[in-house]
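Asker: Next comes my_file_6.json, JSON, C-alpha atoms:
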```
[["chain", "number", "residue", "atom", "x", "y", "z"],
["D", 1, "MET", "CA", -148.02, -117.52, 33.53],
["D", 2, "SER", "CA", -148.33, -114.25, 31.63],
["D", 3, "ASN", "CA", -150.58, -113.85, 28.62],
["D", 4, "ARG", "CA", -147.41, -113.81, 26.51],
["D", 5, "THR", "CA", -146.24, -117.21, 27.77],
["D", 6, "VAL", "CA", -146.74, -119.98, 25.21],
["D", 7, "PHE", "CA", -146.17, -122.84, 27.67],
["D", 8, "THR", "CA", -144.50, -123.63, 30.97],
["D", 9, "GLY", "CA", -142.65, -126.91, 31.45],
["D", 10, "ALA", "CA", -141.50, -129.32, 28.73],
["D", 11, "ALA", "CA", -142.28, -129.15, 25.02],
["D", 12, "THR", "CA", -141.27, -132.03, 22.80],
["D", 13, "ALA", "CA", -139.34, -131.19, 19.65],
["D", 14, "ILE", "CA", -141.14, -134.08, 18.05],
["D", 15, "ILE", "CA", -139.69, -136.40, 15.42],
["D", 16, "THR", "CA", -141.37, -136.73, 12.03],
["D", 17, "PRO", "CA", -141.78, -140.46, 11.27],
["D", 18, "LEU", "CA", -140.62, -141.00, 7.69],
["D", 19, "THR", "CA", -140.54, -143.85, 5.24],
["D", 20, "ARG", "CA", -139.12, -143.95, 1.74],
["D", 21, "ASP", "CA", -142.59, -142.96, 0.55],
["D", 22, "GLY", "CA", -142.96, -139.88, 2.76],
["D", 23, "ILE", "CA", -144.40, -139.03, 6.17],
["D", 24, "ASP", "CA", -145.92, -141.94, 8.09],
["D", 25, "TYR", "CA", -149.01, -140.17, 9.41],
["D", 26, "ASP", "CA", -150.36, -143.20, 11.29],
["D", 27, "ARG", "CA", -147.24, -143.37, 13.43],
["D", 28, "PHE", "CA", -146.99, -139.58, 13.64],
["D", 29, "GLY", "CA", -150.51, -139.49, 15.05],
["D", 30, "ALA", "CA", -149.75, -142.26, 17.52],
["D", 31, "MET", "CA", -146.64, -140.44, 18.69],
["D", 32, "ILE", "CA", -148.55, -137.17, 19.16],
["D", 33, "ASP", "CA", -151.32, -138.88, 21.11],
["D", 34, "TRP", "CA", -148.84, -140.67, 23.37],
["D", 35, "GLN", "CA", -147.02, -137.42, 24.09],
["D", 36, "VAL", "CA", -150.22, -135.71, 25.16],
["D", 37, "GLU", "CA", -151.38, -138.70, 27.19],
["D", 38, "GLN", "CA", -148.02, -138.75, 29.00],
["D", 39, "GLY", "CA", -148.54, -135.15, 30.11],
["D", 40, "ILE", "CA", -146.22, -133.19, 27.86],
["D", 41, "ASP", "CA", -146.82, -129.44, 28.07],
["D", 42, "ALA", "CA", -146.48, -128.51, 24.38],
["D", 43, "ILE", "CA", -145.34, -129.92, 21.04],
["D", 44, "VAL", "CA", -142.92, -128.37, 18.56],
["D", 45, "ALA", "CA", -143.59, -129.66, 15.06],
["D", 46, "VAL", "CA", -141.13, -129.85, 12.17],
["D", 47, "GLY", "CA", -138.16, -128.30, 13.90],
["D", 48, "THR", "CA", -134.59, -129.59, 13.74],
["D", 49, "THR", "CA", -135.61, -132.87, 15.40],
["D", 50, "GLY", "CA", -138.54, -133.12, 13.00],
["D", 51, "GLU", "CA", -136.16, -133.00, 10.01],
["D", 52, "GLY", "CA", -137.77, -129.87, 8.63],
["D", 53, "SER", "CA", -134.66, -129.10, 6.60],
["D", 54, "THR", "CA", -135.13, -132.14, 4.33],
["D", 55, "LEU", "CA", -138.91, -132.13, 4.01],
["D", 56, "THR", "CA", -140.42, -130.70, 0.85],
["D", 57, "ASP", "CA", -142.41, -127.51, 1.27],
["D", 58, "ALA", "CA", -145.64, -129.48, 0.80],
["D", 59, "GLU", "CA", -144.59, -132.03, 3.43],
["D", 60, "HIS", "CA", -143.54, -129.29, 5.86],
["D", 61, "ARG", "CA", -146.93, -127.61, 5.59],
["D", 62, "ALA", "CA", -148.84, -130.88, 5.73],
["D", 63, "ALA", "CA", -146.95, -131.99, 8.86],
["D", 64, "ILE", "CA", -147.75, -128.73, 10.64],
["D", 65, "LYS", "CA", -151.45, -128.96, 9.78],
["D", 66, "PHE", "CA", -151.60, -132.64, 10.74],
["D", 67, "CYS", "CA", -150.00, -131.95, 14.12],
["D", 68, "VAL", "CA", -152.33, -129.03, 14.85],
["D", 69, "ASP", "CA", -155.38, -131.07, 13.89],
["D", 70, "ARG", "CA", -154.29, -134.17, 15.81],
["D", 71, "VAL", "CA", -153.44, -132.25, 18.98],
["D", 72, "ASN", "CA", -156.81, -130.49, 18.72],
["D", 73, "HIS", "CA", -156.08, -127.84, 21.36],
["D", 74, "ARG", "CA", -155.02, -130.35, 24.02],
["D", 75, "VAL", "CA", -151.64, -128.61, 24.35],
["D", 76, "PRO", "CA", -150.02, -125.72, 22.46],
["D", 77, "VAL", "CA", -148.47, -126.53, 19.09],
["D", 78, "ILE", "CA", -145.42, -124.54, 18.05],
["D", 79, "ALA", "CA", -144.57, -124.74, 14.36],
["D", 80, "GLY", "CA", -140.98, -124.70, 13.14],
["D", 81, "THR", "CA", -141.18, -122.01, 10.45],
["D", 82, "GLY", "CA", -137.78, -120.33, 10.55],
["D", 83, "SER", "CA", -135.51, -120.16, 7.51],
["D", 84, "ASN", "CA", -132.42, -118.53, 6.12],
["D", 85, "ASP", "CA", -134.80, -117.00, 3.55],
["D", 86, "THR", "CA", -136.89, -114.43, 5.40],
["D", 87, "ASP", "CA", -139.58, -114.27, 2.72],
["D", 88, "TYR", "CA", -140.04, -118.03, 2.95],
["D", 89, "ALA", "CA", -140.18, -117.85, 6.77],
["D", 90, "VAL", "CA", -142.88, -115.19, 6.49],
["D", 91, "ASP", "CA", -144.89, -117.26, 4.03],
["D", 92, "LEU", "CA", -144.59, -120.48, 6.04],
["D", 93, "SER", "CA", -145.43, -118.69, 9.30],
["D", 94, "ARG", "CA", -148.54, -117.18, 7.73],
["D", 95, "TYR", "CA", -149.61, -120.65, 6.63],
["D", 96, "ALA", "CA", -148.98, -122.14, 10.08],
["D", 97, "ALA", "CA", -150.98, -119.33, 11.68],
["D", 98, "GLU", "CA", -153.86, -119.92, 9.26],
["D", 99, "VAL", "CA", -154.08, -123.63, 10.09],
["D", 100, "GLY", "CA", -154.07, -122.98, 13.82],
["D", 101, "ALA", "CA", -150.53, -123.28, 15.17],
["D", 102, "ASP", "CA", -150.33, -121.55, 18.54],
["D", 103, "ALA", "CA", -146.85, -120.11, 18.04],
["D", 104, "MET", "CA", -143.85, -120.14, 15.69],
["D", 105, "LEU", "CA", -140.28, -121.29, 16.34],
["D", 106, "LEU", "CA", -137.90, -119.10, 14.35],
["D", 107, "VAL", "CA", -134.32, -120.25, 14.03],
["D", 108, "THR", "CA", -131.60, -117.71, 13.36],
["D", 109, "PRO", "CA", -130.87, -117.44, 9.60],
["D", 110, "TYR", "CA", -128.41, -120.30, 9.04],
["D", 111, "TYR", "CA", -125.58, -120.39, 6.47],
["D", 112, "ASN", "CA", -126.11, -116.73, 5.49],
["D", 113, "LYS", "CA", -124.61, -115.85, 8.89],
["D", 114, "ALA", "CA", -126.44, -112.55, 9.12],
["D", 115, "THR", "CA", -125.21, -109.71, 11.31],
["D", 116, "GLN", "CA", -127.03, -108.94, 14.55],
["D", 117, "LYS", "CA", -128.89, -106.22, 12.63],
["D", 118, "GLY", "CA", -129.84, -108.66, 9.89],
["D", 119, "MET", "CA", -131.05, -111.30, 12.32],
["D", 120, "ALA", "CA", -133.15, -108.75, 14.15],
["D", 121, "ALA", "CA", -134.66, -107.42, 10.92],
["D", 122, "SER", "CA", -135.51, -110.95, 9.80],
["D", 123, "PHE", "CA", -137.26, -111.81, 13.06],
["D", 124, "VAL", "CA", -139.20, -108.54, 13.03],
["D", 125, "ALA", "CA", -140.32, -109.18, 9.45],
["D", 126, "VAL", "CA", -141.87, -112.50, 10.45],
["D", 127, "ALA", "CA", -143.33, -111.18, 13.70],
["D", 128, "ASP", "CA", -144.91, -108.24, 11.88],
["D", 129, "ALA", "CA", -146.52, -110.55, 9.33],
["D", 130, "ILE", "CA", -148.54, -112.69, 11.76],
["D", 131, "ASP", "CA", -150.63, -112.24, 14.86],
["D", 132, "LYS", "CA", -149.12, -115.17, 16.74],
["D", 133, "PRO", "CA", -146.38, -115.49, 19.38],
["D", 134, "CYS", "CA", -142.88, -116.04, 18.05],
["D", 135, "VAL", "CA", -140.19, -118.03, 19.86],
["D", 136, "LEU", "CA", -136.68, -117.22, 18.68],
["D", 137, "TYR", "CA", -134.23, -120.11, 18.42],
["D", 138, "ASN", "CA", -130.53, -119.57, 19.02],
["D", 139, "VAL", "CA", -128.38, -122.60, 18.13],
["D", 140, "PRO", "CA", -124.97, -121.31, 16.96],
["D", 141, "GLY", "CA", -123.48, -124.79, 16.64],
["D", 142, "ARG", "CA", -125.86, -125.50, 13.75],
["D", 143, "THR", "CA", -126.41, -122.08, 12.20],
["D", 144, "GLY", "CA", -123.01, -120.41, 12.34],
["D", 145, "CYS", "CA", -124.40, -117.29, 13.99],
["D", 146, "ASN", "CA", -125.10, -116.38, 17.59],
["D", 147, "LEU", "CA", -128.02, -114.17, 18.62],
["D", 148, "LEU", "CA", -126.45, -112.03, 21.31],
["D", 149, "PRO", "CA", -128.29, -111.12, 24.53],
["D", 150, "LYS", "CA", -128.44, -107.41, 23.69],
["D", 151, "THR", "CA", -130.05, -108.19, 20.34],
["D", 152, "ALA", "CA", -132.60, -110.53, 21.91],
["D", 153, "ALA", "CA", -133.34, -107.95, 24.60],
["D", 154, "ALA", "CA", -134.06, -105.31, 21.97],
["D", 155, "LEU", "CA", -136.46, -107.71, 20.22],
["D", 156, "ALA", "CA", -138.30, -108.42, 23.49],
["D", 157, "ASP", "CA", -140.28, -105.21, 23.11],
["D", 158, "HIS", "CA", -142.00, -106.51, 19.98],
["D", 159, "PRO", "CA", -145.53, -107.59, 20.96],
["D", 160, "ASN", "CA", -145.27, -110.89, 19.06],
["D", 161, "ILE", "CA", -141.71, -111.85, 20.04],
["D", 162, "VAL", "CA", -142.33, -113.51, 23.38],
["D", 163, "ALA", "CA", -139.63, -116.12, 24.02],
["D", 164, "ILE", "CA", -136.31, -117.62, 23.03],
["D", 165, "LYS", "CA", -135.09, -121.19, 22.87],
["D", 166, "GLU", "CA", -131.47, -120.91, 23.98],
["D", 167, "ALA", "CA", -129.28, -123.73, 22.69],
["D", 168, "SER", "CA", -125.93, -121.97, 22.69],
["D", 169, "GLY", "CA", -124.86, -124.15, 25.60],
["D", 170, "ASN", "CA", -123.29, -121.05, 27.15],
["D", 171, "ILE", "CA", -124.76, -120.62, 30.62],
["D", 172, "SER", "CA", -122.96, -117.31, 31.07],
["D", 173, "GLN", "CA", -124.64, -115.98, 27.93],
["D", 174, "ILE", "CA", -128.02, -117.24, 29.12],
["D", 175, "ALA", "CA", -127.50, -115.53, 32.48],
["D", 176, "GLU", "CA", -126.69, -112.27, 30.70],
["D", 177, "LEU", "CA", -129.81, -112.70, 28.57],
["D", 178, "ALA", "CA", -131.97, -113.30, 31.64],
["D", 179, "ALA", "CA", -130.57, -110.21, 33.32],
["D", 180, "LEU", "CA", -131.34, -108.07, 30.26],
["D", 181, "VAL", "CA", -134.81, -109.32, 29.36],
["D", 182, "GLY", "CA", -136.28, -109.81, 32.82],
["D", 183, "ASP", "CA", -139.95, -110.72, 32.45],
["D", 184, "ARG", "CA", -140.24, -109.27, 28.94],
["D", 185, "MET", "CA", -139.18, -112.51, 27.24],
["D", 186, "ASP", "CA", -139.52, -116.13, 28.33],
["D", 187, "ILE", "CA", -136.41, -118.31, 28.13],
["D", 188, "TYR", "CA", -136.48, -122.03, 27.32],
["D", 189, "SER", "CA", -133.53, -124.37, 27.51],
["D", 190, "GLY", "CA", -132.66, -125.82, 24.13],
["D", 191, "ASN", "CA", -130.31, -128.38, 25.66],
["D", 192, "ASP", "CA", -131.54, -131.34, 27.69],
["D", 193, "ASP", "CA", -128.40, -131.39, 29.83],
["D", 194, "GLN", "CA", -129.09, -127.81, 30.99],
["D", 195, "ILE", "CA", -132.78, -127.86, 31.90],
["D", 196, "VAL", "CA", -132.40, -127.24, 35.62],
["D", 197, "PRO", "CA", -129.56, -124.71, 35.23],
["D", 198, "VAL", "CA", -131.71, -122.65, 32.85],
["D", 199, "LEU", "CA", -134.74, -122.92, 35.14],
["D", 200, "SER", "CA", -132.56, -121.63, 37.96],
["D", 201, "LEU", "CA", -131.95, -118.49, 35.90],
["D", 202, "GLY", "CA", -135.67, -117.89, 35.52],
["D", 203, "GLY", "CA", -136.34, -120.12, 32.52],
["D", 204, "LYS", "CA", -139.90, -121.23, 31.80],
["D", 205, "GLY", "CA", -139.00, -124.74, 30.65],
["D", 206, "VAL", "CA", -137.34, -126.71, 27.89],
["D", 207, "ILE", "CA", -137.87, -127.53, 24.23],
["D", 208, "SER", "CA", -136.66, -131.08, 24.48],
["D", 209, "VAL", "CA", -135.35, -134.00, 22.46],
["D", 210, "LEU", "CA", -135.26, -136.28, 25.52],
["D", 211, "SER", "CA", -139.02, -135.93, 25.93],
["D", 212, "ASN", "CA", -139.58, -137.82, 22.68],
["D", 213, "ILE", "CA", -138.83, -140.93, 24.72],
["D", 214, "LEU", "CA", -139.42, -139.69, 28.31],
["D", 215, "PRO", "CA", -142.18, -137.06, 28.09],
["D", 216, "ALA", "CA", -143.64, -137.55, 31.57],
["D", 217, "GLU", "CA", -140.23, -137.54, 33.23],
["D", 218, "THR", "CA", -139.01, -134.44, 31.37],
["D", 219, "SER", "CA", -142.18, -132.57, 32.27],
["D", 220, "LEU", "CA", -141.86, -133.77, 35.87],
["D", 221, "MET", "CA", -138.32, -132.37, 36.07],
["D", 222, "CYS", "CA", -139.71, -128.90, 35.33],
["D", 223, "LYS", "CA", -142.74, -129.37, 37.57],
["D", 224, "LYS", "CA", -140.60, -130.37, 40.54],
["D", 225, "PHE", "CA", -138.44, -127.28, 40.09],
["D", 226, "PHE", "CA", -141.44, -124.95, 39.88],
["D", 227, "GLU", "CA", -143.00, -126.55, 42.96],
["D", 228, "GLY", "CA", -139.85, -125.88, 44.96],
["D", 229, "ASP", "CA", -138.43, -129.40, 44.89],
["D", 230, "VAL", "CA", -135.11, -128.29, 43.44],
["D", 231, "ALA", "CA", -133.32, -131.35, 44.79],
["D", 232, "GLY", "CA", -135.85, -133.62, 43.06],
["D", 233, "ALA", "CA", -135.47, -131.74, 39.78],
["D", 234, "ARG", "CA", -131.70, -131.90, 40.06],
["D", 235, "LYS", "CA", -131.81, -135.63, 40.71],
["D", 236, "LEU", "CA", -133.82, -136.22, 37.52],
["D", 237, "GLN", "CA", -131.44, -133.98, 35.55],
["D", 238, "LEU", "CA", -128.44, -135.97, 36.73],
["D", 239, "ASP", "CA", -130.14, -139.38, 36.55],
["D", 240, "TYR", "CA", -130.81, -138.89, 32.84],
["D", 241, "LEU", "CA", -127.52, -137.17, 31.98],
["D", 242, "GLU", "CA", -125.90, -140.29, 30.53],
["D", 243, "LEU", "CA", -128.99, -140.99, 28.41],
["D", 244, "VAL", "CA", -129.05, -137.38, 27.20],
["D", 245, "ASN", "CA", -125.41, -137.65, 26.20],
["D", 246, "ALA", "CA", -126.20, -140.82, 24.23],
["D", 247, "LEU", "CA", -129.04, -138.99, 22.46],
["D", 248, "PHE", "CA", -126.50, -136.45, 21.25],
["D", 249, "CYS", "CA", -123.46, -138.68, 20.61],
["D", 250, "GLU", "CA", -124.27, -138.31, 16.91],
["D", 251, "VAL", "CA", -125.95, -135.33, 15.32],
["D", 252, "ASN", "CA", -129.60, -134.86, 16.30],
["D", 253, "PRO", "CA", -132.01, -136.38, 15.28],
["D", 254, "ILE", "CA", -130.04, -139.51, 14.34],
["D", 255, "PRO", "CA", -130.02, -141.04, 17.86],
["D", 256, "VAL", "CA", -133.56, -140.06, 18.83],
["D", 257, "LYS", "CA", -134.86, -141.53, 15.58],
["D", 258, "ALA", "CA", -133.13, -144.82, 16.51],
["D", 259, "ALA", "CA", -134.63, -144.58, 20.00],
["D", 260, "CYS", "CA", -138.16, -143.91, 18.75],
["D", 261, "ALA", "CA", -137.85, -146.71, 16.20],
["D", 262, "ALA", "CA", -136.93, -149.11, 19.02],
["D", 263, "MET", "CA", -140.12, -148.00, 20.80],
["D", 264, "GLY", "CA", -142.22, -148.61, 17.68],
["D", 265, "PHE", "CA", -142.99, -144.97, 16.86],
["D", 266, "CYS", "CA", -141.20, -144.83, 13.51],
["D", 267, "GLU", "CA", -138.85, -146.59, 11.15],
["D", 268, "ASP", "CA", -135.17, -145.93, 11.75],
["D", 269, "TYR", "CA", -135.15, -143.94, 8.54],
["D", 270, "LEU", "CA", -133.66, -140.50, 7.89],
["D", 271, "ARG", "CA", -133.17, -138.53, 4.71],
["D", 272, "LEU", "CA", -129.71, -137.85, 3.41],
["D", 273, "PRO", "CA", -127.39, -136.30, 4.39],
["D", 274, "LEU", "CA", -128.41, -137.91, 7.69],
["D", 275, "THR", "CA", -127.73, -141.63, 8.01],
["D", 276, "PRO", "CA", -128.79, -144.22, 10.64],
["D", 277, "MET", "CA", -126.90, -144.46, 13.90],
["D", 278, "GLU", "CA", -123.63, -146.36, 14.17],
["D", 279, "ASP", "CA", -124.33, -149.76, 15.69],
["D", 280, "ALA", "CA", -122.02, -149.44, 18.72],
["D", 281, "ASN", "CA", -123.58, -146.10, 19.63],
["D", 282, "LYS", "CA", -127.06, -147.51, 19.07],
["D", 283, "GLN", "CA", -126.47, -150.48, 21.37],
["D", 284, "ASN", "CA", -125.26, -148.14, 24.12],
["D", 285, "LEU", "CA", -128.32, -145.92, 23.64],
["D", 286, "LEU", "CA", -130.68, -148.90, 23.85],
["D", 287, "ARG", "CA", -128.89, -150.12, 27.00],
["D", 288, "LEU", "CA", -129.39, -146.74, 28.65],
["D", 289, "MET", "CA", -133.02, -146.61, 27.56],
["D", 290, "ARG", "CA", -133.66, -149.98, 29.17],
["D", 291, "LYS", "CA", -131.85, -148.77, 32.29],
["D", 292, "ALA", "CA", -134.28, -145.83, 32.37],
["D", 293, "GLY", "CA", -137.21, -148.24, 32.26],
["D", 294, "ILE", "CA", -138.10, -147.82, 28.58],
["D", 295, "ASN", "CA", -139.31, -150.90, 26.75],
["D", 296, "CYS", "CA", -137.21, -151.20, 23.61]]
```
As structure tokens, what does this structure read like?

Answerer:
Amino acid sequence: MSNRTVFTGAATAIITPLTRDGIDYDRFGAMIDWQVEQGIDAIVAVGTTGEGSTLTDAEHRAAIKFCVDRVNHRVPVIAGTGSNDTDYAVDLSRYAAEVGADAMLLVTPYYNKATQKGMAASFVAVADAIDKPCVLYNVPGRTGCNLLPKTAAALADHPNIVAIKEASGNISQIAELAALVGDRMDIYSGNDDQIVPVLSLGGKGVISVLSNILPAETSLMCKKFFEGDVAGARKLQLDYLELVNALFCEVNPIPVKAACAAMGFCEDYLRLPLTPMEDANKQNLLRLMRKAGINC
């Protein structure tokens, strides 16, 4: 692992337990502790899965600080601080750095649909403003813009831009990216159904939704691959494929919130415009969780 590598293996894009009154810190703390105890390799706080887009600014900051303090250096904490407003992303990233986050996760500027030049300038502005590693996050299905491999490769020379979470779902694009960046930028799968394929292209791990409910198993999938047990890693990937599909049958984090609620880690409560899972989908998800050995 190079000194630019934030983590190797599985990082949980952790949910933020919410109630109608705000963040449920008791359950958030319990969830964080369980993740660490189960052997997760890192935690991503207040990203897409953590409903960062509907938290107030005060809640967003408080959740980052709480996660950093609760983890207490047991594993790296990566703070979701990206925005379609670069100045806000800079300000939030500075705050997260001040309270001890180990790295930042910076999503491509959504809705604005910046050009490749604009995306690059935005990322550089944040990376220049802090002395912490930055992980870019490419998820075109949500943001409406696609960070192209050549753009990412150009950003790889920045001393603070060290990795990318690739959730385009396009394995050909990820292969092109890997060929261009080599060892200058770490690549993480952003899709749980593509962990092993991305590892096979030189990826360092996954930023995972699945690991909210199966942290040990998701980490083990990566560990087996890195130890040379590719067949074992592949088996885990395929064994959990149906469960992964159920976790994404409605927009994330609707299903994983239902799953975590069934495990006692949160209420099945989301802020509008997100709404609780459709009952038929939920029953199928719970069936598959039980099949995977999860008590719910």

Asker: Pick out the residues sitting within 9 Å of D:Asp41, and hand them over as a list of chain:residue names; count all atoms listed in the file, and ignore anything fewer than 3 positions along from it in its own chain.

Answerer: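 Near D:Asp41, the qualifying residues are D:Phe7, D:Thr8, D:Gly9, D:Ala10, D:Ala11, D:Thr12, D:Gln35, D:Val36, D:Val75, D:Pro76, D:Pro215, D:Ser219.
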
Asker: Determine the nearest neighbour of D:Thr19 from the options D:Ser200, D:Ile174, D:Leu55, D:Leu241, counting all atoms listed in the file.

Answerer: D:Leu55

Asker: Would you compute the distance between atom CA of D:Pro255 and atom CA of D:Asp239? Give it in Å to one decimal.

Answerer: 18.8 Å

Asker: What's the 10 Å shell around D:Phe123, counting all atoms listed in the file, without same-chain residues fewer than 5 positions away, as a count of residues only?

Answerer: 16

Asker: With all atoms listed in the file as the atoms that count, which of D:Val162, D:Val181, D:Leu214, D:Ile64 lies nearest to D:Arg94?

Answerer: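 Once distances to D:Arg94 are computed over all atoms listed in the file, the minimum belongs to D:Ile64.
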
Asker: If you measure from atom CA of D:Ile14 to atom CA of D:Val99, what distance in Å do you get, rounded to one decimal?

Answerer: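 Straight-line distance from atom CA of D:Ile14 to atom CA of D:Val99 works out to 18.4 Å.
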
Asker: Can you measure atom CA of D:Lys224 to atom CA of D:Ala42 for me? One decimal in Å is fine.

Answerer: 17.3 Å

Asker: Rank D:Gly80, D:Gly39, D:Gly169, D:Pro273 by their smallest atom-to-atom distance to D:Thr54, using all atoms listed in the file, and report the top residue only.

Answerer: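 Using all atoms listed in the file, the shortest distance to D:Thr54 belongs to D:Pro273.
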
Asker: Under the rule of at most 10 Å, produce a per-residue listing of stretch 233-258 of chain D near stretch 287-296 of chain D: chain, number, name, the closest pair of atoms, and the distance in Å, as CSV, using all atoms listed in the file.

Answerer:
```
residue,atom,partner,partner_atom,distance
D:Asp239,CA,D:Ala292,CA,8.7
D:Tyr240,CA,D:Ala292,CA,7.8
D:Glu242,CA,D:Leu288,CA,7.6
D:Leu243,CA,D:Leu288,CA,5.8
D:Val244,CA,D:Leu288,CA,9.5
D:Ala246,CA,D:Leu288,CA,8.0
D:Leu247,CA,D:Leu288,CA,9.9
```

Asker: Write out as a short mmCIF file (atom, residue, chain, number, x, y, z; two decimals) with C-alpha atoms, in the coordinates of the input which residues come within 9 Å of D:Ala45 when counting only C-alpha atoms, dropping same-chain ones fewer than 6 positions away.

Answerer:
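Result file follows (result.cif):
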```cif
data_model
loop_
_atom_site.label_atom_id
_atom_site.label_comp_id
_atom_site.auth_asym_id
_atom_site.auth_seq_id
_atom_site.Cartn_x
_atom_site.Cartn_y
_atom_site.Cartn_z
CA THR D 12 -141.27 -132.03 22.80
CA ALA D 13 -139.34 -131.19 19.65
CA ILE D 14 -141.14 -134.08 18.05
CA ILE D 15 -139.69 -136.40 15.42
CA THR D 16 -141.37 -136.73 12.03
CA GLY D 52 -137.77 -129.87 8.63
CA ALA D 63 -146.95 -131.99 8.86
CA ILE D 64 -147.75 -128.73 10.64
CA CYS D 67 -150.00 -131.95 14.12
CA VAL D 68 -152.33 -129.03 14.85
CA VAL D 77 -148.47 -126.53 19.09
CA ILE D 78 -145.42 -124.54 18.05
CA ALA D 79 -144.57 -124.74 14.36
CA GLY D 80 -140.98 -124.70 13.14
#
```

Asker: Complete stretch 20-32 of chain D at the level of N, CA, C and O atoms, written as an mmCIF file, in the coordinates of the input.

Answerer:
```
data_model
loop_
_atom_site.group_PDB
_atom_site.id
_atom_site.type_symbol
_atom_site.label_atom_id
_atom_site.label_comp_id
_atom_site.auth_asym_id
_atom_site.auth_seq_id
_atom_site.Cartn_x
_atom_site.Cartn_y
_atom_site.Cartn_z
ATOM 1 N N ARG D 20 -139.604 -144.311 3.072
ATOM 2 C CA ARG D 20 -139.120 -143.950 1.740
ATOM 3 C C ARG D 20 -140.218 -143.311 0.890
ATOM 4 O O ARG D 20 -139.943 -142.650 -0.100
ATOM 5 N N ASP D 21 -141.465 -143.498 1.303
ATOM 6 C CA ASP D 21 -142.590 -142.960 0.550
ATOM 7 C C ASP D 21 -143.087 -141.618 1.085
ATOM 8 O O ASP D 21 -143.991 -141.018 0.501
ATOM 9 N N GLY D 22 -142.517 -141.158 2.203
ATOM 10 C CA GLY D 22 -142.960 -139.880 2.760
ATOM 11 C C GLY D 22 -143.218 -139.962 4.245
ATOM 12 O O GLY D 22 -142.674 -140.821 4.953
ATOM 13 N N ILE D 23 -144.082 -139.083 4.743
ATOM 14 C CA ILE D 23 -144.400 -139.030 6.170
ATOM 15 C C ILE D 23 -145.366 -140.170 6.514
ATOM 16 O O ILE D 23 -146.356 -140.397 5.822
ATOM 17 N N ASP D 24 -145.058 -140.865 7.595
ATOM 18 C CA ASP D 24 -145.920 -141.940 8.090
ATOM 19 C C ASP D 24 -146.906 -141.311 9.087
ATOM 20 O O ASP D 24 -146.621 -141.191 10.275
ATOM 21 N N TYR D 25 -148.069 -140.919 8.580
ATOM 22 C CA TYR D 25 -149.010 -140.170 9.410
ATOM 23 C C TYR D 25 -149.656 -141.041 10.491
ATOM 24 O O TYR D 25 -150.013 -140.525 11.558
ATOM 25 N N ASP D 26 -149.810 -142.326 10.253
ATOM 26 C CA ASP D 26 -150.360 -143.200 11.290
ATOM 27 C C ASP D 26 -149.468 -143.186 12.521
ATOM 28 O O ASP D 26 -149.940 -143.027 13.657
ATOM 29 N N ARG D 27 -148.179 -143.361 12.289
ATOM 30 C CA ARG D 27 -147.240 -143.370 13.430
ATOM 31 C C ARG D 27 -147.050 -141.964 14.003
ATOM 32 O O ARG D 27 -146.876 -141.806 15.224
ATOM 33 N N PHE D 28 -147.094 -140.958 13.158
ATOM 34 C CA PHE D 28 -146.990 -139.580 13.640
ATOM 35 C C PHE D 28 -148.153 -139.290 14.590
ATOM 36 O O PHE D 28 -147.971 -138.736 15.680
ATOM 37 N N GLY D 29 -149.350 -139.694 14.197
ATOM 38 C CA GLY D 29 -150.510 -139.490 15.050
ATOM 39 C C GLY D 29 -150.408 -140.241 16.363
ATOM 40 O O GLY D 29 -150.748 -139.704 17.431
ATOM 41 N N ALA D 30 -149.922 -141.473 16.311
ATOM 42 C CA ALA D 30 -149.750 -142.260 17.520
ATOM 43 C C ALA D 30 -148.733 -141.629 18.461
ATOM 44 O O ALA D 30 -148.924 -141.596 19.690
ATOM 45 N N MET D 31 -147.675 -141.106 17.893
ATOM 46 C CA MET D 31 -146.640 -140.440 18.690
ATOM 47 C C MET D 31 -147.195 -139.179 19.356
ATOM 48 O O MET D 31 -146.969 -138.933 20.555
ATOM 49 N N ILE D 32 -147.946 -138.392 18.606
ATOM 50 C CA ILE D 32 -148.550 -137.170 19.160
ATOM 51 C C ILE D 32 -149.495 -137.524 20.302
ATOM 52 O O ILE D 32 -149.443 -136.917 21.383
#
```
